[in-house]
>>> print(open('model-v9.txt').read())   # compact mmCIF, C-alpha atoms
# COMPACT_ATOMS: atom_id res chain seq x y z
CA MET A 30 0.00 0.00 0.00
CA ALA A 31 1.77 3.12 -1.23
CA ASP A 32 -0.46 5.82 0.26
CA SER A 33 -3.17 5.45 2.88
CA SER A 34 -3.17 9.04 4.13
CA SER A 35 -6.61 9.73 2.63
CA PHE A 36 -8.28 6.81 4.39
CA GLY A 37 -8.32 8.19 7.92
CA SER A 38 -8.04 5.99 11.00
CA GLY A 39 -9.39 2.47 11.24
CA TRP A 40 -9.26 1.67 7.53
CA GLU A 41 -8.94 -1.77 5.99
CA VAL A 42 -8.84 -2.93 2.37
CA PHE A 43 -9.54 -6.48 1.23
CA VAL A 44 -7.56 -7.46 -1.86
CA ILE A 45 -6.94 -10.44 -4.11
CA PHE A 46 -3.69 -10.04 -6.02
CA ARG A 47 -1.25 -11.95 -8.20
CA LEU A 48 2.42 -11.14 -8.72
CA PHE A 49 4.23 -12.39 -11.81
CA VAL A 50 7.50 -12.23 -13.75
CA HIS A 51 7.64 -12.10 -17.55
CA ASP A 52 9.33 -14.87 -19.54
CA GLN A 53 10.78 -12.76 -22.37
CA ASN A 54 11.74 -15.81 -24.43
CA GLU A 55 8.29 -17.36 -24.56
CA ASP A 56 6.25 -14.19 -23.95
CA THR A 57 4.47 -15.84 -21.05
CA TYR A 58 4.20 -15.08 -17.37
CA LEU A 59 5.32 -17.06 -14.36
CA ILE A 60 2.83 -16.81 -11.48
CA PRO A 61 4.35 -18.95 -8.72
CA GLN A 62 1.39 -18.63 -6.33
CA ASP A 63 -2.19 -19.86 -6.41
CA ALA A 64 -3.65 -18.65 -9.70
CA MET A 65 -6.87 -17.61 -7.97
CA GLY A 66 -4.98 -15.81 -5.21
CA ASN A 67 -5.91 -15.53 -1.54
CA GLU A 68 -7.78 -12.63 -0.04
CA ARG A 69 -5.50 -10.39 2.03
CA ARG A 70 -6.42 -7.65 4.49
CA PHE A 71 -4.39 -4.45 4.38
CA HIS A 72 -4.66 -2.03 7.31
CA GLY A 73 -2.62 0.50 9.24
CA LEU A 74 -0.30 -2.08 10.78
CA LYS A 75 -0.07 -4.32 7.70
CA LEU A 76 0.79 -2.31 4.61
CA GLU A 77 2.38 -5.09 2.55
CA TRP A 78 1.83 -8.70 1.58
CA GLY A 79 4.06 -10.87 -0.55
CA PHE A 80 6.20 -13.97 -0.88
CA ASP A 81 9.56 -14.57 0.75
CA GLN A 82 10.46 -17.21 -1.83
CA PHE A 83 8.97 -15.88 -5.04
CA ILE A 84 11.45 -17.53 -7.45
CA PRO A 85 14.85 -19.20 -6.85
CA LEU A 86 17.75 -16.90 -7.77
CA LYS A 87 19.45 -19.61 -9.82
CA GLU A 88 16.35 -20.09 -11.94
CA PHE A 89 15.84 -16.32 -12.26
CA ASN A 90 19.45 -15.58 -13.29
CA ASP A 91 19.56 -18.29 -15.94
CA ALA A 92 19.04 -16.33 -19.20
CA SER A 93 17.68 -19.44 -20.93
CA ASN A 94 14.61 -19.20 -18.72
CA GLY A 95 13.83 -15.75 -20.09
CA TYR A 96 13.32 -13.94 -16.82
CA LEU A 97 16.56 -11.95 -16.92
CA VAL A 98 17.60 -11.06 -20.49
CA GLY A 99 20.17 -8.37 -21.25
CA ASP A 100 20.18 -7.55 -17.53
CA THR A 101 16.51 -6.57 -17.86
CA CYS A 102 13.55 -8.14 -16.07
CA ILE A 103 9.83 -7.41 -16.12
CA PHE A 104 7.64 -7.81 -13.05
CA GLY A 105 3.94 -7.19 -12.79
CA ALA A 106 0.90 -7.35 -10.55
CA GLU A 107 -2.85 -7.82 -10.92
CA VAL A 108 -4.83 -6.34 -8.07
CA PHE A 109 -8.53 -6.87 -7.39
CA VAL A 110 -9.92 -4.70 -4.57
CA LYS A 111 -12.93 -6.50 -3.10
CA GLU A 112 -14.06 -3.93 -0.56
CA ARG A 113 -12.89 -1.13 1.68
CA ASN A 114 -14.17 -0.50 5.18
CA ILE A 115 -13.71 2.11 7.82
CA VAL A 116 -13.79 0.28 11.14
CA LYS A 117 -15.52 2.28 13.83
CA GLY A 118 -13.27 0.87 16.48
CA GLU A 119 -13.10 -1.73 19.17
CA CYS A 120 -12.15 -1.54 22.80
CA LEU A 121 -11.22 -4.24 25.27
CA SER A 122 -12.28 -4.33 28.88
CA MET A 123 -10.84 -6.90 31.23
CA LYS A 124 -12.40 -8.49 34.28
CA LYS A 125 -9.96 -10.23 36.58
CA PHE A 126 -11.13 -12.54 39.31
CA THR A 127 -9.06 -12.69 42.45
CA SER A 128 -9.80 -16.21 43.64
CA ALA A 129 -6.71 -18.17 44.63
CA SER A 130 -7.26 -20.89 42.04
CA PRO A 131 -8.91 -21.10 38.60
CA TYR A 132 -12.65 -21.53 38.55
CA LYS A 133 -13.56 -25.18 38.17
CA TYR A 134 -16.87 -26.90 37.50
CA VAL A 135 -17.13 -30.66 38.10
CA TRP A 136 -19.75 -32.80 36.36
CA LYS A 137 -20.11 -36.37 37.65
CA ILE A 138 -21.89 -38.56 35.09
CA LYS A 139 -23.32 -41.80 36.48
CA ASN A 140 -24.40 -44.87 34.47
CA PHE A 141 -22.21 -43.64 31.66
CA SER A 142 -22.41 -46.85 29.61
CA ASN A 143 -26.21 -46.50 29.45
CA LEU A 144 -26.17 -43.08 27.78
CA GLU A 145 -28.05 -43.40 24.50
CA ALA A 146 -28.82 -39.84 23.38
CA LYS A 147 -26.56 -38.08 20.89
CA SER A 148 -25.61 -35.36 23.36
CA TYR A 149 -26.00 -34.37 27.01
CA GLU A 150 -25.55 -31.04 28.77
CA SER A 151 -24.35 -30.31 32.27
CA GLU A 152 -26.14 -28.02 34.67
CA VAL A 153 -25.55 -24.32 34.08
CA PHE A 154 -22.66 -22.76 36.00
CA VAL A 155 -21.52 -19.16 36.25
CA ALA A 156 -17.98 -17.96 35.54
CA GLY A 157 -16.88 -14.47 34.57
CA ASP A 158 -20.43 -13.07 34.81
CA GLN A 159 -21.54 -15.48 32.10
CA LYS A 160 -23.56 -18.69 32.22
CA TRP A 161 -21.91 -21.79 30.80
CA LYS A 162 -22.49 -25.50 30.38
CA ILE A 163 -20.58 -28.50 29.11
CA GLU A 164 -21.94 -30.42 26.14
CA LEU A 165 -20.86 -34.05 25.82
CA CYS A 166 -21.54 -36.50 22.98
CA PRO A 167 -20.93 -39.98 24.48
CA LYS A 168 -20.75 -41.67 21.07
CA GLY A 169 -18.95 -38.84 19.27
CA TYR A 170 -20.04 -36.19 16.81
CA GLY A 171 -19.35 -35.70 13.10
CA VAL A 172 -16.07 -37.26 11.97
CA ALA A 173 -15.61 -38.72 15.47
CA SER A 174 -18.97 -40.49 15.54
CA GLY A 175 -18.60 -44.02 16.86
CA SER A 176 -14.90 -43.72 17.68
CA HIS A 177 -14.46 -40.91 20.22
CA ILE A 178 -16.21 -38.88 22.86
CA SER A 179 -16.82 -35.30 21.73
CA MET A 180 -16.94 -32.48 24.29
CA TYR A 181 -17.50 -28.72 24.15
CA LEU A 182 -17.79 -25.64 26.36
CA LYS A 183 -20.99 -23.77 25.52
CA LEU A 184 -22.54 -20.40 26.37
CA ALA A 185 -25.81 -21.13 28.15
CA ASP A 186 -27.42 -17.71 27.70
CA LEU A 187 -26.80 -15.93 24.40
CA SER A 188 -29.07 -13.04 25.39
CA THR A 189 -26.15 -11.56 27.36
CA ILE A 190 -24.01 -11.37 24.20
CA THR A 191 -25.30 -8.69 21.89
CA ARG A 192 -24.00 -8.02 18.39
CA GLY A 193 -20.49 -6.60 18.57
CA PHE A 194 -19.66 -8.17 21.94
CA LYS A 195 -17.08 -10.92 22.25
CA ILE A 196 -15.73 -12.88 25.19
CA TYR A 197 -12.15 -14.12 25.19
CA VAL A 198 -11.89 -17.25 27.33
CA HIS A 199 -8.94 -19.38 28.47
CA PHE A 200 -10.37 -22.76 29.38
CA THR A 201 -9.58 -26.43 29.87
CA LEU A 202 -11.90 -29.38 29.42
CA ARG A 203 -10.88 -32.53 31.24
CA ILE A 204 -11.94 -36.12 31.88
CA ARG A 205 -10.46 -37.13 35.20
CA ASN A 206 -8.46 -40.27 35.69
CA GLN A 207 -9.91 -41.60 38.94
CA VAL A 208 -7.05 -44.04 39.54
CA GLN A 209 -3.99 -42.00 38.60
CA SER A 210 -3.34 -38.28 38.15
CA ILE A 211 -2.87 -38.58 34.39
CA HIS A 212 -6.03 -36.88 33.20
CA ASN A 213 -7.17 -36.50 29.61
CA HIS A 214 -7.47 -32.79 28.90
CA TYR A 215 -7.35 -30.12 26.21
CA LYS A 216 -6.69 -26.42 26.70
CA THR A 217 -7.36 -23.48 24.40
CA SER A 218 -8.14 -19.75 24.20
CA VAL A 219 -11.00 -18.61 21.99
CA TRP A 220 -13.40 -15.74 21.29
CA PHE A 221 -17.04 -16.54 22.03
CA ARG A 222 -19.71 -14.45 20.30
CA THR A 223 -23.26 -14.75 18.99
CA SER A 224 -22.05 -16.69 15.95
CA ILE A 225 -19.68 -18.94 17.95
CA ASP A 226 -21.41 -20.02 21.14
CA ASN A 227 -19.51 -23.27 21.72
CA TRP A 228 -15.98 -24.58 21.29
CA GLY A 229 -14.36 -27.91 21.92
CA TRP A 230 -13.03 -31.09 20.41
CA HIS A 231 -14.72 -33.75 18.27
CA GLU A 232 -12.04 -36.33 19.07
CA PHE A 233 -11.66 -35.72 22.78
CA ILE A 234 -10.84 -39.28 23.83
CA GLU A 235 -11.13 -42.63 22.08
CA LEU A 236 -14.09 -44.69 23.26
CA SER A 237 -12.00 -47.87 23.36
CA TYR A 238 -9.41 -46.18 25.59
CA LEU A 239 -12.04 -44.68 27.88
CA ASN A 240 -13.87 -48.00 28.31
CA LYS A 241 -10.77 -50.12 28.86
CA ALA A 242 -10.78 -51.56 32.36
CA GLY A 243 -8.02 -50.23 34.58
CA ASN A 244 -7.42 -47.00 32.65
CA GLY A 245 -9.21 -45.08 35.39
CA PHE A 246 -11.48 -42.88 33.29
CA LEU A 247 -14.60 -44.96 33.91
CA VAL A 248 -14.88 -46.33 37.45
CA ASN A 249 -18.11 -47.98 38.66
CA ASP A 250 -19.64 -46.65 35.44
CA VAL A 251 -18.96 -43.08 36.58
CA CYS A 252 -17.18 -40.52 34.39
CA ILE A 253 -15.99 -37.23 35.92
CA VAL A 254 -15.81 -34.24 33.59
CA GLU A 255 -14.38 -30.82 34.46
CA ALA A 256 -14.35 -27.36 32.94
CA GLU A 257 -11.73 -24.94 34.19
CA GLU A 258 -11.04 -21.31 33.35
CA GLU A 259 -7.50 -20.21 33.88
CA HIS A 260 -4.88 -17.59 33.04
CA ASP A 261 -1.21 -17.01 33.83
CA SER A 262 -2.11 -14.35 36.40
CA GLY A 263 -5.28 -16.01 37.63
CA PRO A 264 -8.61 -16.89 36.04
CA GLN A 265 -10.10 -14.17 33.92
CA LEU A 266 -12.39 -13.42 31.06
CA LYS A 267 -11.69 -10.62 28.61
CA ILE A 268 -14.75 -8.85 27.25
CA GLY A 269 -14.28 -7.20 23.85
CA VAL A 270 -16.75 -4.42 23.12
CA GLY A 271 -17.13 -2.73 19.75
CA GLN A 272 -18.31 -3.07 16.21
CA ASP A 273 -16.38 -6.27 15.44
CA LEU A 274 -16.65 -5.52 11.72
CA LEU A 275 -15.07 -8.22 9.56
CA ASN A 276 -13.00 -9.59 12.47
CA SER A 277 -11.21 -6.28 12.85
CA VAL A 278 -9.11 -7.15 15.90
CA THR A 279 -5.42 -6.84 15.06
>>> encode(input="model-v9.txt", output="structure tokens")
Amino acid sequence: MADSSSFGSGWEVFVIFRLFVHDQNEDTYLIPQDAMGNERRFHGLKLEWGFDQFIPLKEFNDASNGYLVGDTCIFGAEVFVKERNIVKGECLSMKKFTSASPYKYVWKIKNFSNLEAKSYESEVFVAGDQKWKIELCPKGYGVASGSHISMYLKLADLSTITRGFKIYVHFTLRIRNQVQSIHNHYKTSVWFRTSIDNWGWHEFIELSYLNKAGNGFLVNDVCIVEAEEEHDSGPQLKIGVGQDLLNSVT
């Protein structure tokens, strides 16, 4: 982007482009990236996009290839501007909770082997001023159907998340090992919003491994599931407030 001074603050431009070098021997063009091109977002902190390894120097310098002839080369670009937006802005407020340990919700599921429905939900629990629940698919979901347990953290009340609000959550989902302290868990950080009200893992744990006697995940037909919010400096949720136009967080 050569000049963005006329755009004002908060601008962003979505572009599909192709860069090429001219083969002067064959009068053709080498386009060493996807012919269709990928959409790129230019903004105040990202004024350039390109390719670190556009063409090998040895190939470029070989006159028989036609790219460098008589010490002259020809480069070009095709640029398709899809849309331009002025983002109205986004702010971030943070709520830090001062409890000594991360918030933890424990869900004890009895008669686990008799679960027949596609999915089950825990009771609603409150963390970070939001209501949550755990969703568990005992026979798996989607690509994991029949082979794994699938498990997700889910917002229980979407009415508290209006358009433009987002919640940034650090959380862990865990199936406890009731015999040893080697639990099966996954940890992530993700933005929750009206369009993304749950997040988790299709292939959380293999059914055969969970059901194997002595592994400790299923004892007396009881499975213990936990959800835990955590952060390096203590459990916290980050609430993003703003327009959230076209995923405008940098």
>>> closest_residue(input="model-v9.txt", among="A:Val50, A:Met30, A:Ile103, A:Ala173", to="A:Glu77", atoms="only C-alpha atoms")
A:Met30
>>> residues_around(input="model-v9.txt", residues="A:Ser237", least_positions_apart="3", cutoff="8 Å", atoms="only C-alpha atoms", output="PyMOL selection string")
chain A and resi 176+240-241
>>> closest_residue(input="model-v9.txt", among="A:Val219, A:Ala256, A:Ile45, A:Cys102", to="A:Tyr197", atoms="all atoms listed in the file")
A:Val219
>>> closest_residue(input="model-v9.txt", among="A:Pro85, A:Asn90, A:Glu235, A:Lys111", to="A:Arg70", atoms="only C-alpha atoms")
A:Lys111
>>> closest_residue(input="model-v9.txt", among="A:Ile196, A:Tyr215, A:Val135, A:Ile60", to="A:Asp158", atoms="all atoms listed in the file")
A:Ile196
>>> closest_residue(input="model-v9.txt", among="A:Tyr96, A:Phe109, A:Tyr132, A:Phe221", to="A:Val42", atoms="all atoms listed in the file")
A:Phe109
>>> closest_residue(input="model-v9.txt", among="A:Pro61, A:Gly157, A:Gly229, A:Gly245", to="A:Ile211", atoms="all atoms listed in the file")
A:Gly245
>>> decode(input="model-v9.txt", residues="stretch 220-231 of chain A", atoms="all heavy atoms", output="compact mmCIF listing (two decimals), in the first residue's frame")
# COMPACT_ATOMS: atom_id res chain seq x y z
N TRP A 220 -12.37 -16.79 21.20
CA TRP A 220 -13.40 -15.74 21.29
C TRP A 220 -14.77 -16.40 21.16
O TRP A 220 -15.05 -17.09 20.19
CB TRP A 220 -13.25 -14.72 20.17
CG TRP A 220 -12.10 -13.77 20.31
CD1 TRP A 220 -10.90 -13.83 19.68
CD2 TRP A 220 -12.05 -12.59 21.12
NE1 TRP A 220 -10.10 -12.78 20.05
CE2 TRP A 220 -10.79 -11.99 20.93
CE3 TRP A 220 -12.96 -11.97 21.98
CZ2 TRP A 220 -10.40 -10.83 21.57
CZ3 TRP A 220 -12.58 -10.80 22.63
CH2 TRP A 220 -11.31 -10.25 22.41
N PHE A 221 -15.64 -16.16 22.13
CA PHE A 221 -17.04 -16.54 22.03
C PHE A 221 -17.84 -15.32 21.61
O PHE A 221 -17.56 -14.21 22.05
CB PHE A 221 -17.57 -17.07 23.37
CG PHE A 221 -17.14 -18.46 23.70
CD1 PHE A 221 -15.89 -18.71 24.24
CD2 PHE A 221 -17.98 -19.54 23.48
CE1 PHE A 221 -15.48 -20.00 24.56
CE2 PHE A 221 -17.58 -20.84 23.79
CZ PHE A 221 -16.34 -21.06 24.32
N ARG A 222 -18.85 -15.53 20.77
CA ARG A 222 -19.71 -14.45 20.30
C ARG A 222 -21.05 -15.05 19.88
O ARG A 222 -21.26 -16.24 20.02
CB ARG A 222 -19.05 -13.71 19.14
CG ARG A 222 -18.83 -14.57 17.90
CD ARG A 222 -17.95 -13.88 16.88
NE ARG A 222 -16.56 -14.07 17.22
CZ ARG A 222 -15.54 -13.52 16.55
NH1 ARG A 222 -15.79 -12.74 15.54
NH2 ARG A 222 -14.30 -13.76 16.90
N THR A 223 -21.94 -14.24 19.36
CA THR A 223 -23.26 -14.75 18.99
C THR A 223 -23.17 -15.82 17.91
O THR A 223 -23.98 -16.74 17.86
CB THR A 223 -24.16 -13.61 18.49
OG1 THR A 223 -23.48 -12.88 17.45
CG2 THR A 223 -24.51 -12.66 19.62
N SER A 224 -22.18 -15.71 17.03
CA SER A 224 -22.05 -16.69 15.95
C SER A 224 -21.21 -17.90 16.35
O SER A 224 -21.19 -18.91 15.64
CB SER A 224 -21.43 -16.03 14.71
OG SER A 224 -20.15 -15.50 15.01
N ILE A 225 -20.49 -17.82 17.45
CA ILE A 225 -19.68 -18.94 17.95
C ILE A 225 -19.99 -19.08 19.43
O ILE A 225 -19.36 -18.45 20.29
CB ILE A 225 -18.17 -18.69 17.73
CG1 ILE A 225 -17.87 -18.45 16.26
CG2 ILE A 225 -17.36 -19.88 18.25
CD1 ILE A 225 -16.42 -18.12 15.98
N ASP A 226 -20.99 -19.91 19.75
CA ASP A 226 -21.41 -20.02 21.14
C ASP A 226 -20.90 -21.29 21.81
O ASP A 226 -21.22 -21.55 22.97
CB ASP A 226 -22.94 -19.96 21.24
CG ASP A 226 -23.61 -21.16 20.57
OD1 ASP A 226 -22.94 -21.85 19.78
OD2 ASP A 226 -24.80 -21.39 20.83
N ASN A 227 -20.11 -22.10 21.09
CA ASN A 227 -19.51 -23.27 21.72
C ASN A 227 -18.17 -23.57 21.06
O ASN A 227 -17.94 -23.20 19.90
CB ASN A 227 -20.44 -24.48 21.64
CG ASN A 227 -20.56 -25.03 20.24
OD1 ASN A 227 -19.77 -25.89 19.82
ND2 ASN A 227 -21.55 -24.56 19.48
N TRP A 228 -17.30 -24.24 21.81
CA TRP A 228 -15.98 -24.58 21.29
C TRP A 228 -15.48 -25.82 22.03
O TRP A 228 -15.65 -25.94 23.23
CB TRP A 228 -15.01 -23.43 21.49
CG TRP A 228 -13.75 -23.59 20.68
CD1 TRP A 228 -12.59 -24.21 21.04
CD2 TRP A 228 -13.54 -23.13 19.34
NE1 TRP A 228 -11.68 -24.17 20.02
CE2 TRP A 228 -12.23 -23.52 18.96
CE3 TRP A 228 -14.32 -22.44 18.43
CZ2 TRP A 228 -11.69 -23.23 17.71
CZ3 TRP A 228 -13.79 -22.16 17.18
CH2 TRP A 228 -12.49 -22.55 16.84
N GLY A 229 -14.87 -26.71 21.29
CA GLY A 229 -14.36 -27.91 21.92
C GLY A 229 -13.69 -28.83 20.93
O GLY A 229 -13.15 -28.37 19.92
N TRP A 230 -13.78 -30.12 21.18
CA TRP A 230 -13.03 -31.09 20.41
C TRP A 230 -13.92 -32.28 20.04
O TRP A 230 -14.53 -32.91 20.90
CB TRP A 230 -11.83 -31.58 21.21
CG TRP A 230 -10.84 -30.48 21.46
CD1 TRP A 230 -9.77 -30.14 20.69
CD2 TRP A 230 -10.86 -29.54 22.55
NE1 TRP A 230 -9.11 -29.06 21.21
CE2 TRP A 230 -9.76 -28.67 22.36
CE3 TRP A 230 -11.69 -29.36 23.65
CZ2 TRP A 230 -9.47 -27.63 23.22
CZ3 TRP A 230 -11.41 -28.32 24.52
CH2 TRP A 230 -10.30 -27.47 24.31
N HIS A 231 -13.97 -32.58 18.73
CA HIS A 231 -14.72 -33.75 18.27
C HIS A 231 -14.07 -35.03 18.80
O HIS A 231 -14.75 -35.93 19.27
CB HIS A 231 -14.75 -33.81 16.74
CG HIS A 231 -15.47 -32.66 16.10
ND1 HIS A 231 -16.59 -32.08 16.66
CD2 HIS A 231 -15.25 -31.99 14.93
CE1 HIS A 231 -17.01 -31.10 15.88
NE2 HIS A 231 -16.22 -31.03 14.83
